[in-house]
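> Input upload.cif, format and content: mmCIF, C-alpha atoms.
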data_protein
#
loop_
_atom_site.group_PDB
_atom_site.id
_atom_site.type_symbol
_atom_site.label_atom_id
_atom_site.label_comp_id
_atom_site.auth_asym_id
_atom_site.auth_seq_id
_atom_site.Cartn_x
_atom_site.Cartn_y
_atom_site.Cartn_z
ATOM 1 C CA GLY A 1 120.325 66.707 111.917
ATOM 2 C CA GLY A 2 117.715 65.439 109.447
ATOM 3 C CA LYS A 3 115.668 63.715 112.136
ATOM 4 C CA SER A 4 112.060 64.199 113.070
ATOM 5 C CA PHE A 5 110.741 64.288 116.617
ATOM 6 C CA LYS A 6 109.663 60.653 116.246
ATOM 7 C CA ASP A 7 113.342 59.706 115.745
ATOM 8 C CA ILE A 8 114.450 61.327 119.009
ATOM 9 C CA GLU A 9 111.594 60.252 121.299
ATOM 10 C CA GLY A 10 112.904 58.903 124.585
ATOM 11 C CA THR A 11 116.202 60.765 124.321
ATOM 12 C CA ARG A 12 117.430 63.677 126.387
ATOM 13 C CA TRP A 13 116.725 65.962 123.394
ATOM 14 C CA ALA A 14 113.045 65.019 123.478
ATOM 15 C CA ARG A 15 112.975 65.694 127.237
ATOM 16 C CA ARG A 16 114.559 69.125 126.644
ATOM 17 C CA ILE A 17 111.868 69.936 124.100
ATOM 18 C CA TYR A 18 109.106 68.805 126.448
ATOM 19 C CA LEU A 19 110.576 70.860 129.308
ATOM 20 C CA THR A 20 111.128 74.011 127.252
ATOM 21 C CA GLN A 21 108.807 76.791 128.208
ATOM 22 C CA ILE A 22 107.319 78.823 125.371
ATOM 23 C CA ILE A 23 106.463 82.409 126.185
ATOM 24 C CA ALA A 24 103.945 84.238 124.018
ATOM 25 C CA ASN A 25 103.019 87.885 124.275
ATOM 26 C CA VAL A 26 99.769 88.951 122.657
ATOM 27 C CA VAL A 27 99.552 92.623 121.834
ATOM 28 C CA ASP A 28 96.080 94.003 121.282
ATOM 29 C CA PRO A 29 95.717 95.787 117.902
ATOM 30 C CA GLN A 30 94.346 98.877 119.669
ATOM 31 C CA THR A 31 97.515 99.242 121.735
ATOM 32 C CA PRO A 32 99.131 102.625 120.982
ATOM 33 C CA ASP A 33 102.088 102.440 118.592
ATOM 34 C CA LYS A 34 104.504 103.889 121.150
ATOM 35 C CA VAL A 35 103.626 101.089 123.591
ATOM 36 C CA LYS A 36 103.980 98.432 120.860
ATOM 37 C CA PHE A 37 107.355 99.878 119.918
ATOM 38 C CA ASP A 38 108.513 99.721 123.551
ATOM 39 C CA ILE A 39 107.244 96.139 123.921
ATOM 40 C CA PHE A 40 109.096 94.996 120.792
ATOM 41 C CA LYS A 41 112.231 96.760 121.977
ATOM 42 C CA ARG A 42 112.138 95.164 125.443
ATOM 43 C CA ILE A 43 111.285 91.652 124.257
ATOM 44 C CA ASN A 44 113.909 91.700 121.557
ATOM 45 C CA THR A 45 116.981 91.187 123.722
ATOM 46 C CA GLY A 46 118.277 87.800 122.551
ATOM 47 C CA GLY A 47 120.481 87.384 119.498
ATOM 48 C CA SER A 48 120.781 90.500 117.361
ATOM 49 C CA PRO A 49 118.382 93.115 118.673
ATOM 50 C CA LEU A 50 116.130 94.658 116.063
ATOM 51 C CA ASN A 51 116.925 98.216 115.113
ATOM 52 C CA ALA A 52 114.210 100.882 115.136
ATOM 53 C CA GLN A 53 113.314 100.448 111.449
ATOM 54 C CA GLU A 54 112.996 96.680 111.803
ATOM 55 C CA ILE A 55 110.620 97.194 114.729
ATOM 56 C CA ARG A 56 108.617 99.745 112.726
ATOM 57 C CA HIS A 57 108.447 97.249 109.861
ATOM 58 C CA CYS A 58 107.050 94.570 112.195
ATOM 59 C CA MET A 59 104.451 96.941 113.575
ATOM 60 C CA SER A 60 103.383 98.586 110.343
ATOM 61 C CA LYS A 61 100.762 97.573 107.835
ATOM 62 C CA THR A 62 101.295 96.221 104.341
ATOM 63 C CA ARG A 63 100.718 99.606 102.741
ATOM 64 C CA SER A 64 103.789 101.334 104.197
ATOM 65 C CA ARG A 65 105.960 98.218 103.884
ATOM 66 C CA ASN A 66 105.130 97.872 100.182
ATOM 67 C CA PHE A 67 105.538 101.595 99.553
ATOM 68 C CA LEU A 68 109.013 101.757 101.115
ATOM 69 C CA LYS A 69 110.061 98.554 99.363
ATOM 70 C CA LYS A 70 108.916 99.939 95.998
ATOM 71 C CA LEU A 71 110.944 103.108 96.501
ATOM 72 C CA SER A 72 113.995 101.106 97.601
ATOM 73 C CA GLU A 73 113.863 99.275 94.266
ATOM 74 C CA SER A 74 113.589 102.461 92.187
ATOM 75 C CA ASN A 75 116.263 103.144 89.588
ATOM 76 C CA GLY A 76 116.986 106.594 91.001
ATOM 77 C CA PHE A 77 117.646 105.275 94.518
ATOM 78 C CA ILE A 78 119.851 102.441 93.298
ATOM 79 C CA LEU A 79 121.821 104.839 91.068
ATOM 80 C CA ALA A 80 122.217 107.569 93.725
ATOM 81 C CA THR A 81 123.345 105.112 96.393
ATOM 82 C CA ASN A 82 125.427 103.040 93.975
ATOM 83 C CA GLY A 83 123.347 100.053 95.076
ATOM 84 C CA ASN A 84 125.100 100.064 98.470
ATOM 85 C CA LEU A 85 121.839 100.157 100.398
ATOM 86 C CA ARG A 86 119.917 97.833 98.104
ATOM 87 C CA GLU A 87 117.941 95.200 100.030
ATOM 88 C CA HIS A 88 119.919 96.015 103.154
ATOM 89 C CA VAL A 89 119.581 93.208 105.685
ATOM 90 C CA ARG A 90 118.949 95.681 108.533
ATOM 91 C CA MET A 91 116.520 97.837 106.482
ATOM 92 C CA VAL A 92 118.774 100.881 106.408
ATOM 93 C CA ASP A 93 117.477 101.549 102.884
ATOM 94 C CA ARG A 94 113.892 101.722 104.132
ATOM 95 C CA GLU A 95 114.789 104.069 106.986
ATOM 96 C CA VAL A 96 116.669 106.451 104.679
ATOM 97 C CA ILE A 97 113.654 106.521 102.358
ATOM 98 C CA LEU A 98 111.229 106.951 105.256
ATOM 99 C CA ARG A 99 113.251 109.941 106.469
ATOM 100 C CA PHE A 100 112.969 111.539 103.033
ATOM 101 C CA CYS A 101 109.212 110.899 102.976
ATOM 102 C CA ALA A 102 108.791 112.199 106.518
ATOM 103 C CA PHE A 103 110.422 115.549 105.893
ATOM 104 C CA ARG A 104 108.774 115.869 102.483
ATOM 105 C CA ILE A 105 105.217 115.483 103.784
ATOM 106 C CA ILE A 106 105.317 117.517 106.989
ATOM 107 C CA GLU A 107 104.067 121.081 106.968
ATOM 108 C CA SER A 108 106.552 122.492 109.482
ATOM 109 C CA ILE A 109 109.345 121.341 111.751
ATOM 110 C CA GLU A 110 107.790 123.074 114.772
ATOM 111 C CA LYS A 111 104.305 121.622 114.266
ATOM 112 C CA ASP A 112 105.032 118.118 112.986
ATOM 113 C CA TYR A 113 108.554 117.145 114.045
ATOM 114 C CA ALA A 114 109.237 118.967 117.300
ATOM 115 C CA PRO A 115 106.359 117.425 119.338
ATOM 116 C CA ASN A 116 107.981 113.993 118.937
ATOM 117 C CA ASN A 117 110.608 113.281 121.552
ATOM 118 C CA THR A 118 112.923 111.419 119.180
ATOM 119 C CA MET A 119 113.545 110.779 115.508
ATOM 120 C CA ASN A 120 112.287 107.214 116.073
ATOM 121 C CA ALA A 121 108.967 108.475 117.436
ATOM 122 C CA PHE A 122 108.678 110.870 114.482
ATOM 123 C CA LEU A 123 109.360 108.107 111.938
ATOM 124 C CA THR A 124 106.917 105.774 113.676
ATOM 125 C CA GLU A 125 104.245 108.478 113.400
ATOM 126 C CA ILE A 126 104.999 108.998 109.702
ATOM 127 C CA THR A 127 104.752 105.240 109.115
ATOM 128 C CA ARG A 128 101.337 105.308 110.775
ATOM 129 C CA LYS A 129 100.279 108.186 108.526
ATOM 130 C CA ILE A 130 101.403 106.306 105.418
ATOM 131 C CA ASP A 131 99.375 103.305 106.575
ATOM 132 C CA THR A 132 96.209 105.157 107.529
ATOM 133 C CA GLU A 133 95.990 108.809 106.466
ATOM 134 C CA LEU A 134 97.773 109.572 103.223
ATOM 135 C CA THR A 135 95.815 109.140 100.011
ATOM 136 C CA ASP A 136 97.037 107.042 97.098
ATOM 137 C CA GLU A 137 97.479 110.282 95.147
ATOM 138 C CA THR A 138 99.718 111.694 97.873
ATOM 139 C CA LEU A 139 101.828 108.539 97.873
ATOM 140 C CA ASP A 140 102.078 108.654 94.070
ATOM 141 C CA LYS A 141 103.278 112.276 94.250
ATOM 142 C CA LEU A 142 105.710 111.387 97.017
ATOM 143 C CA SER A 143 107.060 108.562 94.877
ATOM 144 C CA VAL A 144 107.610 110.926 91.924
ATOM 145 C CA ASP A 145 109.280 113.501 94.209
ATOM 146 C CA PHE A 146 111.549 110.814 95.650
ATOM 147 C CA GLU A 147 112.640 109.542 92.230
ATOM 148 C CA ARG A 148 113.312 113.102 91.039
ATOM 149 C CA SER A 149 115.331 113.839 94.190
ATOM 150 C CA MET A 150 117.461 110.725 93.785
ATOM 151 C CA ASN A 151 118.145 111.525 90.133
ATOM 152 C CA ASN A 152 119.036 115.127 91.029
ATOM 153 C CA ALA A 153 121.338 113.965 93.833
ATOM 154 C CA PHE A 154 123.179 111.748 91.383
ATOM 155 C CA LYS A 155 123.370 114.496 88.741
ATOM 156 C CA LEU A 156 124.769 116.974 91.280
ATOM 157 C CA PHE A 157 127.101 114.748 93.277
ATOM 158 C CA GLY A 158 127.743 111.728 91.044
ATOM 159 C CA GLU A 159 129.548 108.972 92.893
ATOM 160 C CA HIS A 160 129.813 111.229 95.964
ATOM 161 C CA ALA A 161 126.048 111.261 96.606
ATOM 162 C CA PHE A 162 125.111 109.674 99.936
ATOM 163 C CA ARG A 163 128.735 108.930 100.843
ATOM 164 C CA LYS A 164 130.663 109.746 103.966
ATOM 165 C CA TRP A 165 134.034 111.274 103.224
ATOM 166 C CA PRO A 166 136.788 112.123 105.671
ATOM 167 C CA THR A 167 137.327 115.822 106.229
ATOM 168 C CA GLY A 168 139.890 117.367 103.874
#
Hey, can you dump this file as structure tokens for me?

Amino acid sequence: GGKSFKDIEGTRWARRIYLTQIIANVVDPQTPDKVKFDIFKRINTGGSPLNAQEIRHCMSKTRSRNFLKKLSESNGFILATNGNLREHVRMVDREVILRFCAFRIIESIEKDYAPNNTMNAFLTEITRKIDTELTDETLDKLSVDFERSMNNAFKLFGEHAFRKWPTG
């Protein structure tokens, strides 16, 4: 309401602030990613719960966040998706791109995908690899492959690329 705490001192609002308990959870950086993911998921119960990609974004390092953001702003992606996923508030654009990257960089489904219990675990592992294992050259190649794929999808399917259509 345009007031500072000094303006409300002595009121019931000030008492409510003084009596409010603040809970802080400190997660050690060495905590395994799966545990961090579970902690974020359990804590995040008020308001709109974070989806899996939003949790991954919170847990990841700058490298993967910047890489996925760069690809989400690429001309090919915007054209192929008709801009419908651009800067999506729930990071659907980033998850779609991460899925492409994940299946592009793995060697085999049996070796790299199957050991993960869920798609979320698989994507979390790929995010970790982007942050820590993949070289800049690999990311550059992945970026080129992604742009080419988006352009090809648009050339092949036009306005129907990345759309859900009713059967028939």
> Please determine, counting all atoms listed in the file, which residue among A:Asn116, A:Thr135, A:Asn75, A:Ser60 has the shortest atom-to-atom distance to Lys36 in chain A.
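Distance minimum relative to Lys36 in chain A lands on A:Ser60.
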> Enter the distance from CA of Lys41 in chain A to CA of Ile55 in chain A, in Å, rounded to one decimal.
7.4 Å
> To one decimal in Å, tell me the separation between CA of Gln53 in chain A and CA of Ser74 in chain A.
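So the two atoms, CA of Gln53 in chain A and CA of Ser74 in chain A, lie 19.4 Å apart.
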> Neighbouring residues of range 18-34 of chain A were defined as those with any atom within 10 Å, considering only C-alpha atoms; residues of the same chain fewer than 4 positions away were excluded. Please report them as an MDAnalysis selection string.
chainID A and resid 12:14 38:40 43 56 59:60 120:121 124:125 128
> Check the smallest atom-to-atom distance from each of A:Leu98, A:Asp93, A:Trp165, A:Arg104 to Ala80 in chain A using only C-alpha atoms, then report the winner.
A:Asp93
> Name the closest residue to Ser149 in chain A among the candidates A:Ile109, A:Met91, A:Leu71, A:Thr118; distances are taken between atoms, counting only C-alpha atoms.
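Nearest candidate to Ser149 in chain A out of A:Ile109, A:Met91, A:Leu71, A:Thr118: A:Leu71.
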> Please, what distance in Å, to one decimal, runs between CA of Ala161 in chain A and CA of Leu50 in chain A?
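If I compute the distance from CA of Ala161 in chain A to CA of Leu50 in chain A, I get 27.4 Å.
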> With a distance cut-off of 12 Å and all atoms listed in the file, select the neighbouring residues of Gly83 in chain A, excluding the residue or stretch itself and same-chain residues fewer than 4 positions from it, and output the selection as a PyMOL selection string.
chain A and resi 72-79+87-88+93+159+161-163
> Step by step: start from the point (102.5, 99.8, 108.8) in the file's coordinates, keep every protein, DNA or RNA residue that has an atom no farther than 10 Å from it, count all atoms listed in the file, and write the set as a count of residues only.
21
> Kindly indicate which residue among A:Phe146, A:Arg15, A:Asn82, A:Glu137 lies nearest to Arg99 in chain A, using only C-alpha atoms for the distances.
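For Arg99 in chain A, the nearest of the candidates is A:Phe146.
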